[in-house]
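> Have a peek at structure_11.cif (mmCIF, C-alpha atoms).
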data_data
loop_
_atom_site.label_atom_id
_atom_site.label_comp_id
_atom_site.auth_asym_id
_atom_site.auth_seq_id
_atom_site.Cartn_x
_atom_site.Cartn_y
_atom_site.Cartn_z
CA MET T 543 69.55 73.28 105.53
CA LYS T 544 68.81 73.24 101.82
CA GLU T 545 71.37 72.91 99.09
CA GLY T 546 72.13 75.87 96.88
CA THR T 547 72.21 78.41 99.72
CA VAL T 548 75.57 77.70 101.28
CA GLU T 549 76.89 81.13 100.31
CA VAL T 550 74.56 82.86 102.83
CA GLU T 551 75.27 80.46 105.66
CA GLU T 552 77.64 81.16 108.54
CA ARG T 553 79.25 78.95 111.14
CA LEU T 554 77.12 78.75 114.25
CA GLN T 555 79.93 80.10 116.42
CA LYS T 556 79.96 83.31 114.36
CA LEU T 557 76.18 83.65 114.49
CA LEU T 558 76.07 83.28 118.28
CA SER T 559 78.87 85.80 118.70
CA ALA T 560 77.31 88.32 116.30
CA ALA T 561 73.98 88.06 118.15
CA GLY T 562 75.72 88.89 121.43
CA VAL T 563 75.00 85.51 123.02
CA CYS T 564 78.62 84.63 123.81
CA SER T 565 82.13 84.59 122.38
CA ARG T 566 83.00 82.22 119.54
CA ARG T 567 85.07 80.07 121.88
CA ARG T 568 82.20 79.80 124.35
CA ALA T 569 79.84 79.06 121.44
CA GLU T 570 81.92 75.97 120.65
CA GLU T 571 81.38 74.81 124.22
CA TYR T 572 77.63 75.40 123.90
CA ILE T 573 77.53 73.34 120.70
CA LEU T 574 79.55 70.48 122.17
CA ALA T 575 77.24 70.50 125.21
CA GLY T 576 74.19 70.10 122.96
CA ARG T 577 72.73 73.48 123.90
CA VAL T 578 72.40 74.73 120.30
CA SER T 579 69.87 73.53 117.75
CA VAL T 580 69.11 74.36 114.12
CA ASN T 581 65.55 73.80 112.91
CA GLY T 582 64.85 71.61 115.94
CA LYS T 583 67.90 69.37 115.52
CA THR T 584 70.86 69.41 117.90
CA ALA T 585 73.75 71.16 116.21
CA ARG T 586 77.24 69.76 115.78
CA LEU T 587 80.54 71.58 115.69
CA GLY T 588 81.13 72.81 112.14
CA ASP T 589 77.43 73.21 111.30
CA ARG T 590 76.30 76.32 109.46
CA ALA T 591 73.02 78.18 109.29
CA ASP T 592 71.35 81.11 107.58
CA PRO T 593 69.73 83.34 110.24
CA GLU T 594 67.24 84.62 107.67
CA ARG T 595 65.96 81.11 106.90
CA ASP T 596 66.96 78.72 109.69
CA GLN T 597 65.64 78.65 113.25
CA VAL T 598 68.69 78.75 115.53
CA GLU T 599 68.08 78.24 119.24
CA VAL T 600 70.26 78.26 122.34
CA ASP T 601 68.78 76.45 125.34
CA ARG T 602 65.51 76.31 123.35
CA ARG T 603 65.40 80.09 122.99
CA PRO T 604 65.56 81.69 119.51
CA LEU T 605 68.75 83.51 118.62
CA PRO T 606 68.31 87.30 119.01
CA ALA T 607 68.01 89.20 115.76
CA VAL T 608 71.29 90.66 114.54
CA LYS T 609 71.17 94.28 113.45
CA GLY T 610 73.22 95.38 110.51
CA HIS T 611 76.54 97.01 111.32
CA THR T 612 77.69 100.39 110.05
CA TYR T 613 81.07 101.03 108.42
CA ILE T 614 82.32 104.48 107.44
CA MET T 615 85.63 106.01 106.38
CA LEU T 616 86.73 109.46 107.57
CA HIS T 617 89.54 111.54 106.13
CA LYS T 618 90.85 112.80 109.45
CA PRO T 619 92.50 116.21 109.21
CA ARG T 620 95.23 117.45 111.50
CA GLY T 621 94.22 119.04 114.80
CA TYR T 622 91.68 116.42 115.89
CA VAL T 623 92.20 113.77 118.58
CA THR T 624 91.03 110.23 117.89
CA THR T 625 88.52 109.88 120.69
CA LEU T 626 84.79 110.30 121.20
CA SER T 627 85.26 112.90 123.96
CA ASP T 628 88.21 114.84 125.35
CA GLU T 629 88.60 116.17 128.89
CA LYS T 630 90.99 118.87 127.63
CA GLY T 631 88.38 120.36 125.34
CA ARG T 632 90.25 119.57 122.14
CA LYS T 633 88.49 118.92 118.85
CA THR T 634 87.58 115.24 118.43
CA VAL T 635 86.91 113.03 115.43
CA ALA T 636 83.45 112.40 116.87
CA GLU T 637 82.51 115.91 115.81
CA LEU T 638 83.36 115.08 112.20
CA VAL T 639 81.10 112.00 112.04
CA ALA T 640 78.21 113.48 114.05
CA GLY T 641 75.97 113.10 111.00
CA CYS T 642 76.33 109.31 110.95
CA PRO T 643 72.97 107.70 111.87
CA ALA T 644 74.62 104.95 113.96
CA ARG T 645 76.67 105.21 117.14
CA VAL T 646 80.11 104.31 115.82
CA TRP T 647 83.60 104.42 117.29
CA PRO T 648 87.05 104.85 115.69
CA VAL T 649 89.03 101.72 114.86
CA GLY T 650 92.61 102.30 115.95
CA ARG T 651 94.14 105.74 116.26
CA LEU T 652 95.77 108.58 114.40
CA ASP T 653 97.59 111.09 116.60
CA MET T 654 96.51 114.71 116.67
CA ASP T 655 99.15 115.86 114.17
CA SER T 656 98.51 113.02 111.71
CA GLU T 657 95.86 112.79 109.01
CA GLY T 658 94.26 110.37 106.61
CA LEU T 659 92.15 107.23 106.62
CA LEU T 660 90.29 106.48 109.84
CA LEU T 661 87.68 103.74 109.95
CA PHE T 662 84.59 103.93 112.18
CA THR T 663 82.17 101.10 112.96
CA ASP T 664 79.88 99.56 115.56
CA ASP T 665 81.22 96.08 114.75
CA GLY T 666 83.27 94.78 117.68
CA THR T 667 84.52 91.71 115.82
CA LEU T 668 85.94 93.76 112.97
CA THR T 669 87.44 96.24 115.43
CA GLN T 670 89.40 93.44 117.11
CA ARG T 671 90.54 92.03 113.78
CA LEU T 672 91.86 95.35 112.53
CA THR T 673 93.54 96.48 115.73
CA HIS T 674 95.23 93.28 116.87
CA PRO T 675 98.70 92.83 115.29
CA SER T 676 98.30 89.04 115.18
CA HIS T 677 95.82 89.48 112.33
CA GLY T 678 98.46 91.22 110.22
CA VAL T 679 96.31 94.01 108.77
CA GLU T 680 98.80 96.24 106.98
CA LYS T 681 98.59 100.04 107.10
CA GLU T 682 100.29 102.30 104.58
CA TYR T 683 101.51 105.83 105.29
CA GLN T 684 102.87 108.66 103.18
CA VAL T 685 105.49 110.47 105.26
CA TRP T 686 107.05 113.82 104.39
CA VAL T 687 110.36 114.18 106.26
CA ARG T 688 113.36 116.43 106.75
CA GLY T 689 116.85 115.04 107.21
CA ASP T 690 119.32 112.62 105.63
CA VAL T 691 116.98 110.14 103.94
CA ASP T 692 119.78 108.08 102.40
CA ARG T 693 121.25 107.43 105.85
CA ALA T 694 117.82 106.79 107.39
CA LEU T 695 116.53 104.19 104.91
CA PRO T 696 118.61 101.20 106.08
CA ILE T 697 117.82 102.11 109.70
CA LEU T 698 114.10 102.22 109.02
CA SER T 699 114.23 98.93 107.10
CA ALA T 700 115.57 97.11 110.18
CA PRO T 701 113.99 96.71 113.63
CA VAL T 702 114.27 99.90 115.70
CA VAL T 703 114.34 99.87 119.49
CA ASP T 704 112.70 102.87 121.15
CA GLY T 705 111.66 103.18 124.78
CA GLY T 706 112.26 99.49 125.32
CA GLU T 707 109.96 98.51 122.42
CA THR T 708 111.05 96.92 119.16
CA LEU T 709 109.41 98.68 116.24
CA THR T 710 109.39 97.05 112.81
CA ALA T 711 108.16 98.23 109.43
CA ASP T 712 106.99 95.71 106.84
CA ARG T 713 108.40 97.83 104.02
CA VAL T 714 109.91 101.30 103.59
CA GLU T 715 110.25 102.92 100.16
CA ARG T 716 111.47 106.32 99.04
CA THR T 717 108.78 107.78 96.78
CA GLY T 718 110.11 111.34 96.53
CA ALA T 719 113.11 113.46 97.46
CA ASP T 720 111.79 113.87 101.02
CA VAL T 721 108.82 111.48 100.92
CA LEU T 722 108.63 107.94 102.25
CA THR T 723 106.00 105.23 101.96
CA VAL T 724 105.95 103.18 105.15
CA MET T 725 103.92 99.99 105.63
CA ILE T 726 103.39 98.50 109.09
CA HIS T 727 101.03 96.14 110.88
CA GLN T 728 102.35 96.41 114.45
CA GLY T 729 100.32 99.51 115.31
CA LYS T 730 102.44 100.73 118.22
CA ASN T 731 101.69 104.19 119.59
CA ARG T 732 103.12 106.86 117.22
CA GLN T 733 105.18 104.09 115.63
CA VAL T 734 106.09 105.75 112.33
CA ARG T 735 107.07 109.02 114.00
CA ARG T 736 109.18 107.20 116.59
CA MET T 737 110.96 105.13 113.94
CA CYS T 738 111.71 108.23 111.88
CA ALA T 739 113.06 110.06 114.93
CA ALA T 740 115.32 107.09 115.74
CA ALA T 741 116.64 107.28 112.17
CA GLY T 742 117.40 111.00 112.49
CA LEU T 743 114.41 112.26 110.48
CA LYS T 744 111.89 114.93 111.44
CA VAL T 745 108.34 114.20 110.26
CA GLU T 746 106.78 117.22 108.59
CA ARG T 747 103.54 115.51 107.57
CA LEU T 748 102.10 112.01 108.02
CA GLN T 749 99.07 110.66 106.19
CA ARG T 750 97.55 107.16 106.35
CA VAL T 751 96.43 106.24 102.84
CA ARG T 752 95.55 102.55 103.17
CA GLU T 753 94.36 100.03 105.74
CA GLY T 754 94.16 96.47 104.49
CA GLU T 755 92.33 96.67 101.16
CA LEU T 756 90.70 100.00 102.04
CA ARG T 757 92.18 103.09 100.37
CA LEU T 758 91.65 106.77 101.19
CA GLY T 759 91.37 107.76 97.54
CA GLY T 760 90.04 111.25 96.84
CA LEU T 761 88.00 111.68 100.02
CA GLU T 762 88.44 115.28 101.15
CA PRO T 763 89.83 116.15 104.62
CA GLY T 764 87.09 116.32 107.24
CA LYS T 765 84.61 114.34 105.10
CA TRP T 766 83.31 110.80 105.61
CA ARG T 767 81.44 108.21 103.56
CA PHE T 768 79.92 104.77 104.00
CA LEU T 769 82.01 101.85 102.80
CA THR T 770 80.77 100.08 99.70
CA PRO T 771 79.59 96.45 100.04
CA GLU T 772 82.77 95.36 98.27
CA GLU T 773 84.98 97.33 100.68
CA THR T 774 83.09 95.95 103.67
CA ALA T 775 83.49 92.38 102.45
CA ALA T 776 87.22 92.92 101.87
CA MET T 777 87.72 94.34 105.37
CA GLN T 778 85.90 91.40 106.94
CA GLY T 779 88.16 88.96 105.13
#
Step by step, read the file and then write its structure as C-alpha coordinates.


Amino acid sequence: MKEGTVEVEERLQKLLSAAGVCSRRRAEEYILAGRVSVNGKTARLGDRADPERDQVEVDRRPLPAVKGHTYIMLHKPRGYVTTLSDEKGRKTVAELVAGCPARVWPVGRLDMDSEGLLLFTDDGTLTQRLTHPSHGVEKEYQVWVRGDVDRALPILSAPVVDGGETLTADRVERTGADVLTVMIHQGKNRQVRRMCAAAGLKVERLQRVREGELRLGGLEPGKWRFLTPEETAAMQG
(Lines of atoms letter the chains of each structure in order from A and count residues from 1; the text may use other names and numbers.)
(Lines give C-alpha, C1' and ligand atoms only; values in the text may rest on other atoms or scores of the structure.)
Protein backbone atom coordinates (compact mmCIF):
# COMPACT_ATOMS: atom_id res chain seq x y z
CA MET A 1 0.00 0.00 0.00
CA LYS A 2 1.46 3.33 -1.08
CA GLU A 3 1.87 6.34 1.12
CA GLY A 4 -0.30 9.38 0.56
CA THR A 5 -3.52 7.41 0.06
CA VAL A 6 -4.39 6.46 3.61
CA GLU A 7 -7.55 8.57 3.53
CA VAL A 8 -9.23 6.18 1.03
CA GLU A 9 -8.20 3.02 2.84
CA GLU A 10 -10.46 1.00 5.11
CA ARG A 11 -9.80 -1.70 7.67
CA LEU A 12 -10.00 -5.13 6.09
CA GLN A 13 -12.75 -6.21 8.47
CA LYS A 14 -14.97 -3.40 7.16
CA LEU A 15 -14.19 -4.23 3.53
CA LEU A 16 -15.05 -7.92 3.97
CA SER A 17 -18.29 -7.04 5.75
CA ALA A 18 -19.31 -4.43 3.15
CA ALA A 19 -18.68 -6.94 0.35
CA GLY A 20 -21.01 -9.44 2.04
CA VAL A 21 -18.27 -12.00 2.71
CA CYS A 22 -18.82 -12.21 6.48
CA SER A 23 -19.37 -10.14 9.60
CA ARG A 24 -16.58 -7.92 10.93
CA ARG A 25 -16.02 -10.27 13.86
CA ARG A 26 -15.73 -13.27 11.55
CA ALA A 27 -13.42 -11.22 9.30
CA GLU A 28 -11.00 -10.88 12.22
CA GLU A 29 -10.96 -14.66 12.51
CA TYR A 30 -10.27 -14.99 8.78
CA ILE A 31 -7.35 -12.56 9.05
CA LEU A 32 -5.86 -14.28 12.10
CA ALA A 33 -6.17 -17.62 10.27
CA GLY A 34 -4.17 -16.26 7.32
CA ARG A 35 -7.08 -16.54 4.89
CA VAL A 36 -6.94 -12.89 3.76
CA SER A 37 -4.29 -11.34 1.54
CA VAL A 38 -3.63 -7.87 0.15
CA ASN A 39 -1.67 -7.64 -3.10
CA GLY A 40 -0.47 -11.21 -2.67
CA LYS A 41 0.76 -10.78 0.91
CA THR A 42 -0.92 -12.38 3.91
CA ALA A 43 -2.81 -9.72 5.81
CA ARG A 44 -2.45 -8.96 9.50
CA LEU A 45 -5.05 -7.69 11.93
CA GLY A 46 -5.17 -3.89 11.66
CA ASP A 47 -4.16 -3.78 7.99
CA ARG A 48 -6.02 -1.45 5.66
CA ALA A 49 -6.66 -1.48 1.93
CA ASP A 50 -8.23 0.57 -0.83
CA PRO A 51 -10.62 -1.68 -2.83
CA GLU A 52 -10.19 0.56 -5.87
CA ARG A 53 -6.41 0.07 -5.93
CA ASP A 54 -5.46 -2.98 -3.85
CA GLN A 55 -6.16 -6.62 -4.67
CA VAL A 56 -7.90 -8.10 -1.62
CA GLU A 57 -8.46 -11.86 -1.61
CA VAL A 58 -10.13 -14.31 0.76
CA ASP A 59 -9.03 -17.93 0.33
CA ARG A 60 -7.29 -16.77 -2.88
CA ARG A 61 -10.54 -15.44 -4.33
CA PRO A 62 -10.89 -11.71 -5.13
CA LEU A 63 -13.18 -9.71 -2.88
CA PRO A 64 -16.58 -9.15 -4.57
CA ALA A 65 -17.15 -5.65 -5.86
CA VAL A 66 -19.05 -3.42 -3.46
CA LYS A 67 -21.91 -1.45 -4.95
CA GLY A 68 -22.55 2.04 -3.74
CA HIS A 69 -25.26 2.42 -1.13
CA THR A 70 -28.24 4.76 -1.37
CA TYR A 71 -29.29 7.18 1.37
CA ILE A 72 -32.45 9.29 1.23
CA MET A 73 -34.46 11.39 3.66
CA LEU A 74 -38.27 11.44 3.61
CA HIS A 75 -40.51 13.94 5.35
CA LYS A 76 -43.11 11.43 6.49
CA PRO A 77 -46.58 12.93 6.81
CA ARG A 78 -49.26 11.68 9.17
CA GLY A 79 -51.45 8.80 8.04
CA TYR A 80 -48.69 6.53 6.70
CA VAL A 81 -47.34 3.41 8.40
CA THR A 82 -43.59 2.86 8.47
CA THR A 83 -43.43 -0.40 6.57
CA LEU A 84 -42.86 -1.55 3.00
CA SER A 85 -46.23 -3.35 2.83
CA ASP A 86 -49.30 -3.51 5.04
CA GLU A 87 -51.76 -6.40 5.34
CA LYS A 88 -54.49 -3.98 6.49
CA GLY A 89 -54.31 -1.98 3.29
CA ARG A 90 -53.12 1.21 4.96
CA LYS A 91 -50.95 3.75 3.18
CA THR A 92 -47.23 2.97 3.57
CA VAL A 93 -44.08 5.05 3.39
CA ALA A 94 -42.94 2.80 0.55
CA GLU A 95 -45.47 4.55 -1.67
CA LEU A 96 -43.82 7.89 -0.98
CA VAL A 97 -40.33 6.74 -2.02
CA ALA A 98 -41.44 4.64 -5.01
CA GLY A 99 -39.45 6.93 -7.30
CA CYS A 100 -36.14 6.03 -5.65
CA PRO A 101 -33.99 4.03 -8.12
CA ALA A 102 -32.68 1.67 -5.39
CA ARG A 103 -34.55 -0.82 -3.23
CA VAL A 104 -34.35 0.91 0.14
CA TRP A 105 -35.96 0.29 3.51
CA PRO A 106 -36.85 2.64 6.40
CA VAL A 107 -34.37 2.99 9.25
CA GLY A 108 -36.31 2.87 12.49
CA ARG A 109 -39.96 3.83 12.76
CA LEU A 110 -42.39 6.69 13.07
CA ASP A 111 -45.89 5.68 14.13
CA MET A 112 -48.85 6.36 11.88
CA ASP A 113 -49.86 9.57 13.67
CA SER A 114 -46.32 10.98 13.80
CA GLU A 115 -44.46 12.90 11.11
CA GLY A 116 -41.02 14.17 10.20
CA LEU A 117 -37.58 12.88 9.33
CA LEU A 118 -37.40 9.25 8.21
CA LEU A 119 -34.19 7.86 6.75
CA PHE A 120 -34.16 5.17 4.05
CA THR A 121 -31.15 3.17 2.87
CA ASP A 122 -29.93 -0.18 1.55
CA ASP A 123 -26.94 -0.07 3.92
CA GLY A 124 -27.33 -2.74 6.60
CA THR A 125 -24.35 -1.56 8.63
CA LEU A 126 -25.69 1.97 8.94
CA THR A 127 -29.16 0.64 9.74
CA GLN A 128 -27.78 -1.27 12.72
CA ARG A 129 -25.77 1.71 13.91
CA LEU A 130 -28.74 4.06 13.84
CA THR A 131 -31.29 1.71 15.36
CA HIS A 132 -29.29 0.13 18.18
CA PRO A 133 -29.41 2.23 21.39
CA SER A 134 -25.85 1.23 22.33
CA HIS A 135 -24.58 3.51 19.56
CA GLY A 136 -26.25 6.51 21.18
CA VAL A 137 -27.65 8.17 18.05
CA GLU A 138 -29.81 10.98 19.39
CA LYS A 139 -33.20 11.85 17.89
CA GLU A 140 -34.92 15.17 18.41
CA TYR A 141 -38.68 15.71 18.39
CA GLN A 142 -40.95 18.75 18.44
CA VAL A 143 -44.03 17.83 20.48
CA TRP A 144 -47.22 19.88 20.67
CA VAL A 145 -49.13 18.92 23.82
CA ARG A 146 -52.21 19.68 25.89
CA GLY A 147 -52.15 19.62 29.68
CA ASP A 148 -50.20 20.97 32.64
CA VAL A 149 -46.73 21.40 31.14
CA ASP A 150 -45.21 22.89 34.31
CA ARG A 151 -46.19 19.77 36.27
CA ALA A 152 -45.09 17.44 33.47
CA LEU A 153 -41.57 18.79 32.90
CA PRO A 154 -39.88 17.33 36.01
CA ILE A 155 -41.63 14.00 35.36
CA LEU A 156 -40.40 13.88 31.77
CA SER A 157 -36.87 14.83 32.83
CA ALA A 158 -36.62 11.73 35.05
CA PRO A 159 -36.92 8.05 34.09
CA VAL A 160 -40.53 7.02 33.46
CA VAL A 161 -41.75 3.46 33.96
CA ASP A 162 -44.50 2.37 31.57
CA GLY A 163 -45.64 -1.18 30.88
CA GLY A 164 -42.68 -2.56 32.78
CA GLU A 165 -40.18 -0.57 30.67
CA THR A 166 -38.02 2.29 31.89
CA LEU A 167 -38.17 5.17 29.43
CA THR A 168 -35.58 7.94 29.60
CA ALA A 169 -35.18 11.18 27.68
CA ASP A 170 -31.74 12.69 27.19
CA ARG A 171 -33.14 16.20 27.46
CA VAL A 172 -36.57 17.86 27.60
CA GLU A 173 -37.02 21.60 26.99
CA ARG A 174 -40.06 23.82 26.81
CA THR A 175 -39.85 25.77 23.55
CA GLY A 176 -43.36 27.24 23.52
CA ALA A 177 -46.46 27.56 25.68
CA ASP A 178 -47.58 24.05 24.70
CA VAL A 179 -44.52 22.88 22.75
CA LEU A 180 -41.71 20.64 23.95
CA THR A 181 -38.41 19.63 22.42
CA VAL A 182 -37.58 16.07 23.43
CA MET A 183 -34.26 14.33 22.70
CA ILE A 184 -33.89 10.57 23.11
CA HIS A 185 -31.64 7.76 21.93
CA GLN A 186 -33.44 4.75 23.45
CA GLY A 187 -35.89 4.35 20.58
CA LYS A 188 -38.56 2.38 22.44
CA ASN A 189 -41.90 1.87 20.68
CA ARG A 190 -43.95 5.12 20.83
CA GLN A 191 -41.56 6.30 23.54
CA VAL A 192 -42.25 10.04 23.44
CA ARG A 193 -46.02 9.55 23.40
CA ARG A 194 -45.86 7.08 26.29
CA MET A 195 -43.68 9.39 28.37
CA CYS A 196 -46.01 12.31 27.77
CA ALA A 197 -49.05 10.22 28.71
CA ALA A 198 -47.32 9.14 31.94
CA ALA A 199 -46.72 12.82 32.72
CA GLY A 200 -50.39 13.68 32.17
CA LEU A 201 -49.99 15.28 28.73
CA LYS A 202 -51.94 14.57 25.55
CA VAL A 203 -49.84 14.73 22.38
CA GLU A 204 -51.54 16.79 19.68
CA ARG A 205 -48.72 16.60 17.16
CA LEU A 206 -45.29 14.94 17.09
CA GLN A 207 -42.59 15.66 14.53
CA ARG A 208 -39.04 14.25 14.35
CA VAL A 209 -36.74 17.06 13.25
CA ARG A 210 -33.28 15.57 13.75
CA GLU A 211 -31.49 12.23 13.80
CA GLY A 212 -27.82 12.41 14.73
CA GLU A 213 -26.38 15.20 12.58
CA LEU A 214 -29.17 14.93 10.00
CA ARG A 215 -31.85 17.64 10.13
CA LEU A 216 -35.26 17.75 8.44
CA GLY A 217 -34.89 21.38 7.44
CA GLY A 218 -37.39 22.70 4.90
CA LEU A 219 -38.20 19.40 3.20
CA GLU A 220 -41.93 19.39 2.48
CA PRO A 221 -44.25 16.67 3.85
CA GLY A 222 -44.43 13.67 1.52
CA LYS A 223 -41.22 14.62 -0.33
CA TRP A 224 -37.82 12.92 -0.25
CA ARG A 225 -34.28 13.76 -1.31
CA PHE A 226 -30.88 12.10 -1.48
CA LEU A 227 -28.49 12.88 1.35
CA THR A 228 -25.53 15.05 0.47
CA PRO A 229 -22.02 13.51 0.68
CA GLU A 230 -21.42 15.56 3.83
CA GLU A 231 -24.62 14.28 5.46
CA THR A 232 -23.80 10.70 4.50
CA ALA A 233 -20.32 10.97 5.99
CA ALA A 234 -21.73 12.45 9.21
CA MET A 235 -24.28 9.65 9.56
CA GLN A 236 -21.61 6.99 9.07
CA GLY A 237 -19.50 8.52 11.82

> Would you mind telling me which residue in T:Ser565, T:Gln749, T:Thr770, T:Gln597 lies nearest to Arg735 (chain T) when using all atoms listed in the file?

T:Gln749

> Counting only C-alpha atoms, which residue out of T:Arg586, T:Arg595, T:His611, T:Lys730 sits closest to Leu668 (chain T)?

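Checking each of T:Arg586, T:Arg595, T:His611, T:Lys730 against Leu668 (chain T), counting only C-alpha atoms, the winner is T:His611.
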
> Just want the 10 Å neighbourhood of Gly764 (chain T), counted on all atoms listed in the file, with same-chain residues fewer than 5 positions away dropped. Output as a CSV table (one decimal) with C-alpha atoms, in the coordinates of the input.


chain,number,residue,atom,x,y,z
T,616,LEU,CA,86.7,109.5,107.6
T,617,HIS,CA,89.5,111.5,106.1
T,618,LYS,CA,90.8,112.8,109.4
T,619,PRO,CA,92.5,116.2,109.2
T,620,ARG,CA,95.2,117.4,111.5
T,622,TYR,CA,91.7,116.4,115.9
T,635,VAL,CA,86.9,113.0,115.4
T,637,GLU,CA,82.5,115.9,115.8
T,638,LEU,CA,83.4,115.1,112.2
T,639,VAL,CA,81.1,112.0,112.0
T,657,GLU,CA,95.9,112.8,109.0
T,658,GLY,CA,94.3,110.4,106.6

> So which one's closest to Ala694 (chain T), T:Gly641, T:Gly742, T:Gly759, T:Pro606? Using all atoms listed in the file, please.

T:Gly742

> Could you tell me which of T:His677, T:Arg688, T:Val703, T:Ala739 comes closest to Gly754 (chain T) if we count all atoms listed in the file?

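Of all the options, T:His677 lies closest to Gly754 (chain T).
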
> Taking all atoms listed in the file into account, name the residue in T:Glu571, T:Asp665, T:Glu629, T:Asp720 that is nearest to Leu554 (chain T).

T:Glu571

> Which residue out of T:Thr584, T:Ser676, T:Gln684, T:Gln778 has the minimum interatomic distance to His727 (chain T) when all atoms listed in the file are used?

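When distances to His727 (chain T) are compared using all atoms listed in the file, the smallest one comes from T:Ser676.
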
> Since I can't run it myself right now, could you work out what the PyMOL selection byres ((chain T and resi 751) around 7) selects here and report it as a PyMOL selection string?

chain T and resi 658-659+682-684+749-750+752+757-758

> Can you write out the residues you just picked, keeping C-alpha atoms, as a PDB file, in the coordinates of the input?


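Output file out_12.pdb is given in full below:
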ATOM      1  CA  GLY T 658      94.260 110.370 106.610  1.00  0.00           C
ATOM      2  CA  LEU T 659      92.150 107.230 106.620  1.00  0.00           C
ATOM      3  CA  GLU T 682     100.290 102.300 104.580  1.00  0.00           C
ATOM      4  CA  TYR T 683     101.510 105.830 105.290  1.00  0.00           C
ATOM      5  CA  GLN T 684     102.870 108.660 103.180  1.00  0.00           C
ATOM      6  CA  GLN T 749      99.070 110.660 106.190  1.00  0.00           C
ATOM      7  CA  ARG T 750      97.550 107.160 106.350  1.00  0.00           C
ATOM      8  CA  ARG T 752      95.550 102.550 103.170  1.00  0.00           C
ATOM      9  CA  ARG T 757      92.180 103.090 100.370  1.00  0.00           C
ATOM     10  CA  LEU T 758      91.650 106.770 101.190  1.00  0.00           C
TER      11      LEU T 758
END

> So which residues touch region 556-562 of chain T within 12 Å, counting all atoms listed in the file, skipping near sequence neighbours fewer than 6 positions away, as a short mmCIF file (atom, residue, chain, number, x, y, z; two decimals) with C-alpha atoms, in the frame of the given file?


data_model
loop_
_atom_site.label_atom_id
_atom_site.label_comp_id
_atom_site.auth_asym_id
_atom_site.auth_seq_id
_atom_site.Cartn_x
_atom_site.Cartn_y
_atom_site.Cartn_z
CA VAL T 550 74.56 82.86 102.83
CA ARG T 568 82.20 79.80 124.35
CA ALA T 569 79.84 79.06 121.44
CA GLU T 570 81.92 75.97 120.65
CA GLU T 571 81.38 74.81 124.22
CA TYR T 572 77.63 75.40 123.90
CA ILE T 573 77.53 73.34 120.70
CA ARG T 577 72.73 73.48 123.90
CA VAL T 578 72.40 74.73 120.30
CA SER T 579 69.87 73.53 117.75
CA VAL T 580 69.11 74.36 114.12
CA LEU T 587 80.54 71.58 115.69
CA GLY T 588 81.13 72.81 112.14
CA ASP T 589 77.43 73.21 111.30
CA ARG T 590 76.30 76.32 109.46
CA ALA T 591 73.02 78.18 109.29
CA ASP T 592 71.35 81.11 107.58
CA PRO T 593 69.73 83.34 110.24
CA GLU T 594 67.24 84.62 107.67
CA ASP T 596 66.96 78.72 109.69
CA GLN T 597 65.64 78.65 113.25
CA VAL T 598 68.69 78.75 115.53
CA GLU T 599 68.08 78.24 119.24
CA VAL T 600 70.26 78.26 122.34
CA PRO T 604 65.56 81.69 119.51
CA LEU T 605 68.75 83.51 118.62
CA PRO T 606 68.31 87.30 119.01
CA ALA T 607 68.01 89.20 115.76
CA VAL T 608 71.29 90.66 114.54
CA LYS T 609 71.17 94.28 113.45
CA GLY T 610 73.22 95.38 110.51
CA HIS T 611 76.54 97.01 111.32
CA ASP T 664 79.88 99.56 115.56
CA ASP T 665 81.22 96.08 114.75
CA GLY T 666 83.27 94.78 117.68
CA THR T 667 84.52 91.71 115.82
CA LEU T 668 85.94 93.76 112.97
#

> Considering only C-alpha atoms, return as a PDB file with C-alpha atoms, in the coordinates of the input whatever protein or nucleic-acid residues lie within 9 Å of Glu746 (chain T), sequence-local ones (same chain, fewer than 2 positions apart) excluded.


ATOM      1  CA  VAL T 685     105.490 110.470 105.260  1.00  0.00           C
ATOM      2  CA  TRP T 686     107.050 113.820 104.390  1.00  0.00           C
ATOM      3  CA  VAL T 687     110.360 114.180 106.260  1.00  0.00           C
ATOM      4  CA  ARG T 688     113.360 116.430 106.750  1.00  0.00           C
ATOM      5  CA  LYS T 744     111.890 114.930 111.440  1.00  0.00           C
ATOM      6  CA  LEU T 748     102.100 112.010 108.020  1.00  0.00           C
TER       7      LEU T 748
END

> Please list as a PyMOL selection string every residue within 9 Å of Ala741 (chain T), counting only C-alpha atoms and excluding residues in the same chain fewer than 2 positions away.

chain T and resi 690-691+693-698+702+736-739+743

> Model the absent atoms of region 609-625 of chain T so that N, CA and C atoms are present, and write the result as a short mmCIF file (atom, residue, chain, number, x, y, z; two decimals), in the coordinates of the input.


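Heads up, here's the output in out22.cif:
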data_model
loop_
_atom_site.label_atom_id
_atom_site.label_comp_id
_atom_site.auth_asym_id
_atom_site.auth_seq_id
_atom_site.Cartn_x
_atom_site.Cartn_y
_atom_site.Cartn_z
N LYS T 609 71.34 93.05 114.24
CA LYS T 609 71.17 94.28 113.45
C LYS T 609 72.36 94.45 112.52
N GLY T 610 72.13 95.13 111.44
CA GLY T 610 73.22 95.38 110.51
C GLY T 610 74.23 96.35 111.10
N HIS T 611 75.50 96.11 110.82
CA HIS T 611 76.54 97.01 111.32
C HIS T 611 76.77 98.16 110.35
N THR T 612 77.40 99.20 110.84
CA THR T 612 77.69 100.39 110.05
C THR T 612 79.20 100.53 109.91
N TYR T 613 79.65 100.86 108.70
CA TYR T 613 81.07 101.03 108.42
C TYR T 613 81.27 102.32 107.63
N ILE T 614 82.06 103.24 108.17
CA ILE T 614 82.32 104.48 107.44
C ILE T 614 83.81 104.79 107.46
N MET T 615 84.24 105.56 106.48
CA MET T 615 85.63 106.01 106.38
C MET T 615 85.66 107.52 106.52
N LEU T 616 86.52 108.02 107.39
CA LEU T 616 86.73 109.46 107.57
C LEU T 616 88.12 109.82 107.07
N HIS T 617 88.23 110.97 106.41
CA HIS T 617 89.54 111.54 106.13
C HIS T 617 89.82 112.50 107.28
N LYS T 618 90.55 111.99 108.27
CA LYS T 618 90.85 112.80 109.45
C LYS T 618 91.85 113.89 109.10
N PRO T 619 91.52 115.14 109.40
CA PRO T 619 92.50 116.21 109.21
C PRO T 619 93.38 116.37 110.45
N ARG T 620 94.41 117.16 110.34
CA ARG T 620 95.23 117.45 111.50
C ARG T 620 94.42 118.27 112.51
N GLY T 621 94.85 118.20 113.77
CA GLY T 621 94.22 119.04 114.80
C GLY T 621 93.07 118.40 115.52
N TYR T 622 92.77 117.13 115.22
CA TYR T 622 91.68 116.42 115.89
C TYR T 622 92.25 115.20 116.62
N VAL T 623 91.76 114.96 117.84
CA VAL T 623 92.20 113.77 118.58
C VAL T 623 91.26 112.62 118.27
N THR T 624 91.82 111.42 118.21
CA THR T 624 91.03 110.23 117.89
C THR T 624 90.38 109.68 119.15
N THR T 625 89.30 110.31 119.53
CA THR T 625 88.52 109.88 120.69
C THR T 625 87.11 110.42 120.54
#
